[in-house]
Amino acid sequence: MPENSPSETSRSRWLLVPMQALVAPLLAMPRVAKRALALLVDSSFCVLTIWLAYCFRLNEWTVLTGVQWLPVFVSLCMALPIFIVMGMYRAIFRYANLAAFITVLKAIAIYGFAFMTIFTALSVPGVPRTVGILQPFLLLIGIGLSRLGIRYWLGDAYQRILHKNMLAKVLIYGAGKAGRQLAAALTNSAELNVVGYLDDDPRLKGGVMGGLPIYDPSDLPVLAETLGVHNVLLALPSASRQRRNEILEHIRKARVNVRTLPDLTALAQGRVAVSDIRELEIEDLLGREAVAPRQELLDKAMRNKVVMVTGAGGSIGGELCRQILRNAPSSLILLDQNEFALYNIDAELRKLAELYEHENLQIVPILCSVRDQDRMEHIIQSWRPQTLYHAAAYKHVPLVEHNAVEGIKNNVMGTLVAARAARKYGVSNFVLISTDKAVRPTNVMGASKRLAEMVLQALAAESATDRLRTNFSMVRFGNVLGSSGSVVPLFRQQIKEGGPVTLTHREITRYFMTISEASQLVIQAGAMGEGGDVFLLDMGEPVRIADLARKMVELSGLSVRDNNTPEGDIELSVTGLRPGEKLYEELLIGDNPETTEHPRIMKAREDFLLWPELLKRLNSLNAALDRNDMAAARAILAELVSGYSSTGEVSDLAFTGAETNTAA
């Protein structure tokens, strides 16, 4: 059987509302009032059954007159005292069981014996004897059915109300179509109880829709307190990012947990479960509109082409592959040295290919290190990729800082090997994924990425006059929200565990973008490259990490524990800057970036060494790395990379351990 549609569920809600509106006051009545009401109902049954007994005896509808009212008076005077003495009004009707019905049977049996004695055995002139027999049986049926009805009506309603009151109460922000669908989908939820809507449309405020009141969003702090609401569900799929940010800023004051609407397709089909309601999208924490991609640039770089992605199993490389697959290349070559990561992305992409009906798309997973020159050349020669996205890199600043030899070899020498192989076998476009940490770097990771940029710039300049040259370009962007090592998943986990949320410095700031946004930028920038270009994104203002952490805590319905609110829930703990970490990141070494055909992508012309000179320095650097001479390697990095200055001692932990054991 198909599940109920949202409209059917909504109609059932309308039917339940009047019943619930009647039941709630009854259940809330004091015990004395409930007993008085039961006496009144039973009295009515006494009168009604006397009248029905006359009607059955006379075989016509009749009006009681004269002596015919005597049985009514006798019935009331006899029945009610007997019922009271027998304890019929001590029982809680909604919990009435077999013992309670036996009590009713005994009480009416005693009453019936007395009533039949008067009006059947002894007889009263003007009152048919059959009335004395019929009325007790009718009274048993009436009172018995009333107790049974109340048992199921009030009992079930009480359980429903009790269950609803135990559920987490939520308000839905948005009383439009999406909000109504969400409310209907959650009608029978075993976890959430929708108690109303929030909507800033003045025409809706104070109204009722589907049995649920519509409140003014400005009243949310009060509503959270009075209604016991701890959750708000955003049902604003068409709202702009700016509008959503305004709403989130307002909601933060109410100390409620904010979650967002599931997929509208699932809503429309009535397939929404509580598990589908998600945490806030990472984009909601970004604070700016995402950069919209230009389809012609995406098509130019990928459609019907052989595309290779190194580091395909990483967070950026994986998203690159997803974006590429959507734009229908002829073949997608996945290259990674991590077997498990490569297996996962390969399996995921094959499912996506089926979903997008790309039957002819060839997905090729290849295990390989980008530092293996012979294998890299063999792979590129065999598959002849037209576009190569180089995402293979070690990017975690503290790890690279303490594993500097491996970090430099992978990030610099790996890029050199891949770029040379691409140029040797005629790859048309080679795009390096770079980072804002390459600008005046204070860590080995940033310095190695800047040096990788310089390798491509030098190769591009050297081959500028070649007829079939490889178009080298690089894309520099800030931190990627949701990627491996990103602060957002880390903060979420720390908040779930009750804190503390760890910050390295209260004033630290970073540029942010989403994974999909970063990946689309890489693809589009690569399509615009002319050789040696450094592209960067207009990312707006940098985000203060402490503000991001506070926002995440408050939108989880919690408060930050600090000097102003010592009773708060989550502490923001400062651990100190890590080795190689700096307070502020930059995207540009020089000044005056150039515009491009994309309004949010800029282009920089950075200084670099010409290839002959750079190659000599790279050979010296490689030799220093081979002998684990970090002092020499660091000196060469400082000479090559403009503005590089390490904030602490750079060492390779493997080499340091060997030195320690030797000294011992």
# chains A, B, ... in the order shown; residues from 1 in each chain; ligands from 1
>>> select_by_dssp(residues="region 107-241 of chain A", states="strand (DSSP E or B)", output="PDB file with N, CA and C atoms, in the first residue's frame")
ATOM      1  N   VAL A 124     -47.735  -0.353  39.045  1.00  0.00           N
ATOM      2  CA  VAL A 124     -48.222   0.987  39.341  1.00  0.00           C
ATOM      3  C   VAL A 124     -49.240   1.344  38.272  1.00  0.00           C
ATOM      4  N   VAL A 127     -48.612   2.751  34.459  1.00  0.00           N
ATOM      5  CA  VAL A 127     -47.240   2.447  34.011  1.00  0.00           C
ATOM      6  C   VAL A 127     -47.194   0.982  33.569  1.00  0.00           C
ATOM      7  N   ALA A 168      10.086  15.883  21.295  1.00  0.00           N
ATOM      8  CA  ALA A 168      10.760  17.171  21.140  1.00  0.00           C
ATOM      9  C   ALA A 168       9.869  18.113  20.343  1.00  0.00           C
ATOM     10  N   LYS A 169       9.560  19.275  20.912  1.00  0.00           N
ATOM     11  CA  LYS A 169       8.667  20.230  20.249  1.00  0.00           C
ATOM     12  C   LYS A 169       9.453  21.081  19.264  1.00  0.00           C
ATOM     13  N   VAL A 170       8.871  21.258  18.088  1.00  0.00           N
ATOM     14  CA  VAL A 170       9.562  22.011  17.043  1.00  0.00           C
ATOM     15  C   VAL A 170       8.625  23.037  16.427  1.00  0.00           C
ATOM     16  N   LEU A 171       9.232  24.099  15.934  1.00  0.00           N
ATOM     17  CA  LEU A 171       8.530  25.087  15.111  1.00  0.00           C
ATOM     18  C   LEU A 171       9.132  25.032  13.717  1.00  0.00           C
ATOM     19  N   ILE A 172       8.283  25.183  12.720  1.00  0.00           N
ATOM     20  CA  ILE A 172       8.747  25.191  11.332  1.00  0.00           C
ATOM     21  C   ILE A 172       8.824  26.634  10.863  1.00  0.00           C
ATOM     22  N   TYR A 173      10.011  27.048  10.442  1.00  0.00           N
ATOM     23  CA  TYR A 173      10.192  28.415   9.942  1.00  0.00           C
ATOM     24  C   TYR A 173       9.847  28.421   8.453  1.00  0.00           C
ATOM     25  N   LEU A 192       9.406  13.954  16.798  1.00  0.00           N
ATOM     26  CA  LEU A 192       9.195  15.392  16.791  1.00  0.00           C
ATOM     27  C   LEU A 192       7.706  15.726  16.840  1.00  0.00           C
ATOM     28  N   ASN A 193       7.383  16.765  17.572  1.00  0.00           N
ATOM     29  CA  ASN A 193       6.009  17.248  17.686  1.00  0.00           C
ATOM     30  C   ASN A 193       5.960  18.682  17.182  1.00  0.00           C
ATOM     31  N   VAL A 194       5.364  18.872  16.004  1.00  0.00           N
ATOM     32  CA  VAL A 194       5.270  20.209  15.423  1.00  0.00           C
ATOM     33  C   VAL A 194       4.180  20.984  16.151  1.00  0.00           C
ATOM     34  N   VAL A 195       4.546  22.117  16.751  1.00  0.00           N
ATOM     35  CA  VAL A 195       3.578  22.888  17.536  1.00  0.00           C
ATOM     36  C   VAL A 195       3.196  24.204  16.866  1.00  0.00           C
ATOM     37  N   GLY A 196       3.761  24.487  15.704  1.00  0.00           N
ATOM     38  CA  GLY A 196       3.380  25.721  15.024  1.00  0.00           C
ATOM     39  C   GLY A 196       4.374  26.123  13.953  1.00  0.00           C
ATOM     40  N   TYR A 197       4.047  27.231  13.294  1.00  0.00           N
ATOM     41  CA  TYR A 197       4.901  27.798  12.254  1.00  0.00           C
ATOM     42  C   TYR A 197       5.445  29.151  12.701  1.00  0.00           C
ATOM     43  N   LEU A 198       6.549  29.540  12.094  1.00  0.00           N
ATOM     44  CA  LEU A 198       7.062  30.901  12.181  1.00  0.00           C
ATOM     45  C   LEU A 198       7.052  31.469  10.768  1.00  0.00           C
ATOM     46  N   VAL A 208      -4.121  30.338  11.724  1.00  0.00           N
ATOM     47  CA  VAL A 208      -3.985  28.904  11.988  1.00  0.00           C
ATOM     48  C   VAL A 208      -4.022  28.186  10.649  1.00  0.00           C
ATOM     49  N   MET A 209      -3.106  27.275  10.449  1.00  0.00           N
ATOM     50  CA  MET A 209      -3.054  26.536   9.194  1.00  0.00           C
ATOM     51  C   MET A 209      -2.855  25.060   9.494  1.00  0.00           C
ATOM     52  N   LEU A 212      -2.397  24.247  13.076  1.00  0.00           N
ATOM     53  CA  LEU A 212      -1.201  24.745  13.762  1.00  0.00           C
ATOM     54  C   LEU A 212      -1.163  26.268  13.716  1.00  0.00           C
ATOM     55  N   PRO A 213      -0.892  26.930  14.833  1.00  0.00           N
ATOM     56  CA  PRO A 213      -0.834  28.394  14.843  1.00  0.00           C
ATOM     57  C   PRO A 213       0.400  28.909  14.115  1.00  0.00           C
ATOM     58  N   ILE A 214       0.295  30.119  13.575  1.00  0.00           N
ATOM     59  CA  ILE A 214       1.411  30.772  12.890  1.00  0.00           C
ATOM     60  C   ILE A 214       1.863  31.944  13.759  1.00  0.00           C
ATOM     61  N   TYR A 215       3.139  31.908  14.170  1.00  0.00           N
ATOM     62  CA  TYR A 215       3.672  32.907  15.086  1.00  0.00           C
ATOM     63  C   TYR A 215       4.588  33.882  14.361  1.00  0.00           C
ATOM     64  N   VAL A 229       9.983  24.856  23.267  1.00  0.00           N
ATOM     65  CA  VAL A 229      10.519  24.517  21.948  1.00  0.00           C
ATOM     66  C   VAL A 229      12.043  24.577  21.978  1.00  0.00           C
ATOM     67  N   HIS A 230      12.681  23.516  21.502  1.00  0.00           N
ATOM     68  CA  HIS A 230      14.146  23.477  21.460  1.00  0.00           C
ATOM     69  C   HIS A 230      14.681  23.289  20.046  1.00  0.00           C
ATOM     70  N   ASN A 231      13.770  23.159  19.064  1.00  0.00           N
ATOM     71  CA  ASN A 231      14.190  22.918  17.694  1.00  0.00           C
ATOM     72  C   ASN A 231      13.399  23.793  16.727  1.00  0.00           C
ATOM     73  N   VAL A 232      14.094  24.318  15.732  1.00  0.00           N
ATOM     74  CA  VAL A 232      13.450  25.036  14.630  1.00  0.00           C
ATOM     75  C   VAL A 232      13.911  24.389  13.330  1.00  0.00           C
ATOM     76  N   LEU A 233      12.942  24.064  12.479  1.00  0.00           N
ATOM     77  CA  LEU A 233      13.248  23.466  11.182  1.00  0.00           C
ATOM     78  C   LEU A 233      13.064  24.526  10.104  1.00  0.00           C
ATOM     79  N   LEU A 234      14.115  24.778   9.344  1.00  0.00           N
ATOM     80  CA  LEU A 234      14.033  25.765   8.266  1.00  0.00           C
ATOM     81  C   LEU A 234      13.372  25.133   7.051  1.00  0.00           C
TER      82      LEU A 234
END
>>> residues_around(residues="region 628-643 of chain A", least_positions_apart="5", cutoff="8 Å", atoms="only C-alpha atoms", output="ChimeraX atom specification")
/A:404-405,439-441,447-448,450-451,617,620-621,650-652,655
>>> residues_around(residues="Trp611 (chain A)", least_positions_apart="2", cutoff="12 Å", atoms="only C-alpha atoms", output="PyMOL selection string")
chain A and resi 416+454-464+608-609+613-619
>>> write_last_selection(atoms="N, CA and C atoms", output="CSV table (one decimal), in the first residue's frame")
chain,number,residue,atom,x,y,z
A,416,LEU,N,56.3,18.4,-10.0
A,416,LEU,CA,57.3,18.5,-11.1
A,416,LEU,C,57.2,17.3,-12.0
A,454,MET,N,55.5,27.9,-8.6
A,454,MET,CA,56.7,28.4,-9.4
A,454,MET,C,57.2,27.4,-10.4
A,455,VAL,N,57.1,26.1,-10.1
A,455,VAL,CA,57.5,25.1,-11.1
A,455,VAL,C,56.6,25.2,-12.3
A,456,LEU,N,55.3,25.3,-12.1
A,456,LEU,CA,54.4,25.5,-13.3
A,456,LEU,C,54.6,26.8,-14.0
A,457,GLN,N,54.8,27.9,-13.3
A,457,GLN,CA,55.1,29.1,-13.9
A,457,GLN,C,56.4,29.1,-14.8
A,458,ALA,N,57.4,28.5,-14.3
A,458,ALA,CA,58.7,28.4,-15.0
A,458,ALA,C,58.5,27.5,-16.3
A,459,LEU,N,57.8,26.3,-16.1
A,459,LEU,CA,57.6,25.4,-17.3
A,459,LEU,C,56.7,26.1,-18.3
A,460,ALA,N,55.7,26.9,-17.9
A,460,ALA,CA,54.9,27.6,-18.8
A,460,ALA,C,55.7,28.6,-19.6
A,461,ALA,N,56.5,29.4,-18.9
A,461,ALA,CA,57.4,30.4,-19.6
A,461,ALA,C,58.3,29.7,-20.6
A,462,GLU,N,58.9,28.6,-20.2
A,462,GLU,CA,59.9,27.9,-21.0
A,462,GLU,C,59.2,27.4,-22.3
A,463,SER,N,58.0,26.9,-22.2
A,463,SER,CA,57.3,26.3,-23.4
A,463,SER,C,56.3,27.3,-24.1
A,464,ALA,N,56.5,28.6,-23.8
A,464,ALA,CA,55.5,29.6,-24.3
A,464,ALA,C,55.5,29.6,-25.8
A,608,PHE,N,58.6,34.8,-10.5
A,608,PHE,CA,59.1,33.4,-10.4
A,608,PHE,C,60.5,33.4,-11.0
A,609,LEU,N,61.2,32.3,-10.8
A,609,LEU,CA,62.5,32.1,-11.4
A,609,LEU,C,62.4,31.4,-12.8
A,613,GLU,N,67.4,28.3,-13.9
A,613,GLU,CA,67.8,28.6,-12.6
A,613,GLU,C,67.0,27.8,-11.6
A,614,LEU,N,65.7,27.7,-11.8
A,614,LEU,CA,64.9,27.0,-10.8
A,614,LEU,C,65.2,25.6,-10.8
A,615,LEU,N,65.5,24.9,-11.9
A,615,LEU,CA,65.9,23.5,-11.9
A,615,LEU,C,67.1,23.3,-11.1
A,616,LYS,N,68.1,24.2,-11.2
A,616,LYS,CA,69.3,24.0,-10.3
A,616,LYS,C,69.0,24.0,-8.9
A,617,ARG,N,68.1,24.9,-8.5
A,617,ARG,CA,67.8,25.0,-7.0
A,617,ARG,C,66.9,23.8,-6.6
A,618,LEU,N,66.1,23.3,-7.5
A,618,LEU,CA,65.3,22.2,-7.2
A,618,LEU,C,66.1,20.9,-7.0
A,619,ASN,N,67.2,20.8,-7.8
A,619,ASN,CA,68.1,19.7,-7.7
A,619,ASN,C,68.8,19.8,-6.3
>>> closest_residue(among="A:Leu610, A:Leu334, A:Gly206, A:Leu325", to="Leu355 (chain A)", atoms="only C-alpha atoms")
A:Leu325
>>> atom_distance(atom1="CA of Ile316 (chain A)", atom2="CA of Asp346 (chain A)")
14.7 Å
>>> residues_around(residues="Val431 (chain A)", least_positions_apart="2", cutoff="9 Å", atoms="only C-alpha atoms", output="MDAnalysis selection string")
chainID A and resid 387:391 429 433 471:475 522:523 525:526 529
>>> write_last_selection(atoms="all heavy atoms", output="CSV table (one decimal), in the first residue's frame")
chain,number,residue,atom,x,y,z
A,387,THR,N,43.0,16.9,-20.2
A,387,THR,CA,43.0,17.8,-19.1
A,387,THR,C,43.4,17.0,-17.8
A,387,THR,O,42.9,15.9,-17.6
A,387,THR,CB,41.6,18.4,-18.8
A,387,THR,OG1,41.2,19.1,-20.0
A,387,THR,CG2,41.6,19.4,-17.7
A,388,LEU,N,44.3,17.6,-17.1
A,388,LEU,CA,44.8,17.0,-15.9
A,388,LEU,C,44.7,17.9,-14.7
A,388,LEU,O,45.2,19.0,-14.7
A,388,LEU,CB,46.3,16.5,-16.0
A,388,LEU,CG,46.8,15.6,-15.0
A,388,LEU,CD1,48.0,14.8,-15.6
A,388,LEU,CD2,47.3,16.3,-13.7
A,389,TYR,N,43.9,17.5,-13.7
A,389,TYR,CA,43.8,18.3,-12.4
A,389,TYR,C,44.7,17.7,-11.4
A,389,TYR,O,44.5,16.5,-11.0
A,389,TYR,CB,42.3,18.3,-12.0
A,389,TYR,CG,41.4,19.0,-13.0
A,389,TYR,CD1,40.6,18.2,-13.8
A,389,TYR,CD2,41.4,20.4,-13.1
A,389,TYR,CE1,39.8,18.9,-14.7
A,389,TYR,CE2,40.6,21.0,-14.0
A,389,TYR,CZ,39.8,20.2,-14.8
A,389,TYR,OH,39.0,20.8,-15.8
A,390,HIS,N,45.6,18.4,-10.9
A,390,HIS,CA,46.6,17.9,-10.0
A,390,HIS,C,46.2,18.3,-8.5
A,390,HIS,O,46.6,19.4,-8.1
A,390,HIS,CB,48.0,18.5,-10.3
A,390,HIS,CG,49.1,17.9,-9.5
A,390,HIS,ND1,49.4,16.6,-9.3
A,390,HIS,CD2,50.1,18.5,-8.7
A,390,HIS,CE1,50.4,16.4,-8.5
A,390,HIS,NE2,50.8,17.5,-8.1
A,391,ALA,N,45.5,17.4,-7.9
A,391,ALA,CA,45.1,17.6,-6.5
A,391,ALA,C,45.9,16.8,-5.5
A,391,ALA,O,45.6,16.9,-4.3
A,391,ALA,CB,43.6,17.3,-6.4
A,429,ASN,N,45.8,20.8,-21.0
A,429,ASN,CA,45.6,21.7,-19.8
A,429,ASN,C,46.0,20.9,-18.5
A,429,ASN,O,45.6,19.8,-18.2
A,429,ASN,CB,44.1,22.1,-19.7
A,429,ASN,CG,43.7,23.0,-20.8
A,429,ASN,OD1,44.1,24.2,-20.8
A,429,ASN,ND2,42.9,22.5,-21.7
A,433,ILE,N,46.0,22.5,-8.0
A,433,ILE,CA,45.1,23.0,-6.9
A,433,ILE,C,46.1,23.5,-5.9
A,433,ILE,O,46.9,22.8,-5.3
A,433,ILE,CB,44.3,21.9,-6.3
A,433,ILE,CG1,43.1,21.6,-7.2
A,433,ILE,CG2,43.7,22.3,-4.9
A,433,ILE,CD1,43.4,20.9,-8.5
A,471,ASN,N,49.1,23.9,-21.4
A,471,ASN,CA,48.7,25.1,-20.8
A,471,ASN,C,48.7,24.9,-19.2
A,471,ASN,O,47.8,24.3,-18.7
A,471,ASN,CB,47.3,25.5,-21.3
A,471,ASN,CG,46.8,26.8,-20.8
A,471,ASN,OD1,47.5,27.5,-20.1
A,471,ASN,ND2,45.6,27.1,-21.1
A,472,PHE,N,49.7,25.4,-18.6
A,472,PHE,CA,49.8,25.2,-17.1
A,472,PHE,C,49.1,26.4,-16.4
A,472,PHE,O,49.4,27.6,-16.8
A,472,PHE,CB,51.3,25.2,-16.7
A,472,PHE,CG,52.0,24.0,-17.1
A,472,PHE,CD1,53.0,24.1,-18.1
A,472,PHE,CD2,51.8,22.8,-16.5
A,472,PHE,CE1,53.7,22.9,-18.6
A,472,PHE,CE2,52.5,21.6,-16.9
A,472,PHE,CZ,53.4,21.7,-18.0
A,473,SER,N,48.3,26.1,-15.4
A,473,SER,CA,47.7,27.1,-14.6
A,473,SER,C,47.5,26.6,-13.2
A,473,SER,O,47.6,25.4,-13.0
A,473,SER,CB,46.4,27.6,-15.2
A,473,SER,OG,45.4,26.5,-15.3
A,474,MET,N,47.2,27.5,-12.3
A,474,MET,CA,47.0,27.0,-10.9
A,474,MET,C,45.9,27.9,-10.3
A,474,MET,O,45.7,29.0,-10.7
A,474,MET,CB,48.3,27.2,-10.1
A,474,MET,CG,48.9,28.5,-10.1
A,474,MET,SD,50.7,28.5,-10.5
A,474,MET,CE,50.7,28.3,-12.3
A,475,VAL,N,45.2,27.2,-9.3
A,475,VAL,CA,44.1,27.9,-8.7
A,475,VAL,C,44.3,27.9,-7.2
A,475,VAL,O,44.6,26.9,-6.5
A,475,VAL,CB,42.8,27.1,-9.0
A,475,VAL,CG1,41.6,27.9,-8.4
A,475,VAL,CG2,42.6,26.9,-10.4
A,522,VAL,N,38.1,25.5,-9.8
A,522,VAL,CA,39.3,24.9,-10.4
A,522,VAL,C,39.0,24.6,-11.9
A,522,VAL,O,39.8,24.9,-12.8
A,522,VAL,CB,39.6,23.6,-9.7
A,522,VAL,CG1,40.7,22.7,-10.4
A,522,VAL,CG2,40.2,23.9,-8.3
A,523,ILE,N,37.9,24.0,-12.2
A,523,ILE,CA,37.5,23.6,-13.5
A,523,ILE,C,37.4,24.8,-14.4
A,523,ILE,O,37.9,24.9,-15.5
A,523,ILE,CB,36.2,22.8,-13.5
A,523,ILE,CG1,36.4,21.5,-12.8
A,523,ILE,CG2,35.7,22.5,-15.0
A,523,ILE,CD1,35.2,20.7,-12.5
A,525,ALA,N,38.5,27.9,-13.9
A,525,ALA,CA,39.8,28.7,-14.1
A,525,ALA,C,40.7,28.0,-15.0
A,525,ALA,O,41.4,28.6,-15.9
A,525,ALA,CB,40.5,28.8,-12.7
A,526,GLY,N,40.8,26.6,-15.0
A,526,GLY,CA,41.6,25.9,-15.9
A,526,GLY,C,41.2,26.1,-17.3
A,526,GLY,O,42.0,26.1,-18.2
A,529,GLY,N,42.7,29.4,-18.5
A,529,GLY,CA,44.2,29.6,-18.4
A,529,GLY,C,44.8,29.8,-19.8
A,529,GLY,O,44.5,29.2,-20.8
>>> residues_around(residues="His598 (chain A)", least_positions_apart="5", cutoff="9 Å", atoms="only C-alpha atoms", output="short mmCIF file (atom, residue, chain, number, x, y, z; two decimals) with all heavy atoms, in the first residue's frame")
data_model
loop_
_atom_site.label_atom_id
_atom_site.label_comp_id
_atom_site.auth_asym_id
_atom_site.auth_seq_id
_atom_site.Cartn_x
_atom_site.Cartn_y
_atom_site.Cartn_z
N PRO A 293 28.61 28.72 -11.01
CA PRO A 293 29.48 28.29 -12.11
C PRO A 293 28.92 28.73 -13.46
O PRO A 293 27.72 28.95 -13.61
CB PRO A 293 29.47 26.76 -11.98
CG PRO A 293 28.14 26.45 -11.37
CD PRO A 293 27.84 27.60 -10.44
N ARG A 294 29.81 28.84 -14.43
CA ARG A 294 29.41 29.12 -15.80
C ARG A 294 29.54 27.84 -16.61
O ARG A 294 30.63 27.29 -16.76
CB ARG A 294 30.27 30.24 -16.38
CG ARG A 294 29.97 31.59 -15.77
CD ARG A 294 30.85 32.68 -16.34
NE ARG A 294 30.78 32.72 -17.80
CZ ARG A 294 31.44 33.61 -18.55
NH1 ARG A 294 32.22 34.51 -17.97
NH2 ARG A 294 31.34 33.58 -19.85
N GLN A 524 36.68 25.85 -13.94
CA GLN A 524 36.46 27.04 -14.77
C GLN A 524 37.75 27.82 -14.99
O GLN A 524 38.01 28.30 -16.10
CB GLN A 524 35.42 27.94 -14.11
CG GLN A 524 34.04 27.32 -14.04
CD GLN A 524 33.10 28.12 -13.18
OE1 GLN A 524 32.36 28.97 -13.67
NE2 GLN A 524 33.14 27.87 -11.88
N ALA A 525 38.55 27.93 -13.93
CA ALA A 525 39.80 28.67 -14.07
C ALA A 525 40.73 27.96 -15.05
O ALA A 525 41.40 28.60 -15.88
CB ALA A 525 40.48 28.80 -12.70
#
>>> residues_around(residues="Tyr394 (chain A)", least_positions_apart="5", cutoff="9 Å", atoms="only C-alpha atoms", output="JSON, numbers by chain")
{"A": [399, 400, 406, 407, 408, 410, 411, 445]}
>>> closest_residue(among="A:Arg384, A:Arg476, A:Arg350, A:Arg255", to="Asp569 (chain A)", atoms="only C-alpha atoms")
A:Arg255
>>> residues_around(residues="Ile570 (chain A)", least_positions_apart="2", cutoff="12 Å", atoms="only C-alpha atoms", output="ChimeraX atom specification")
/A:491-492,494-502,549-554,556-562,565-568,572-573
>>> atom_distance(atom1="CA of Leu521 (chain A)", atom2="CA of Val487 (chain A)")
21.3 Å
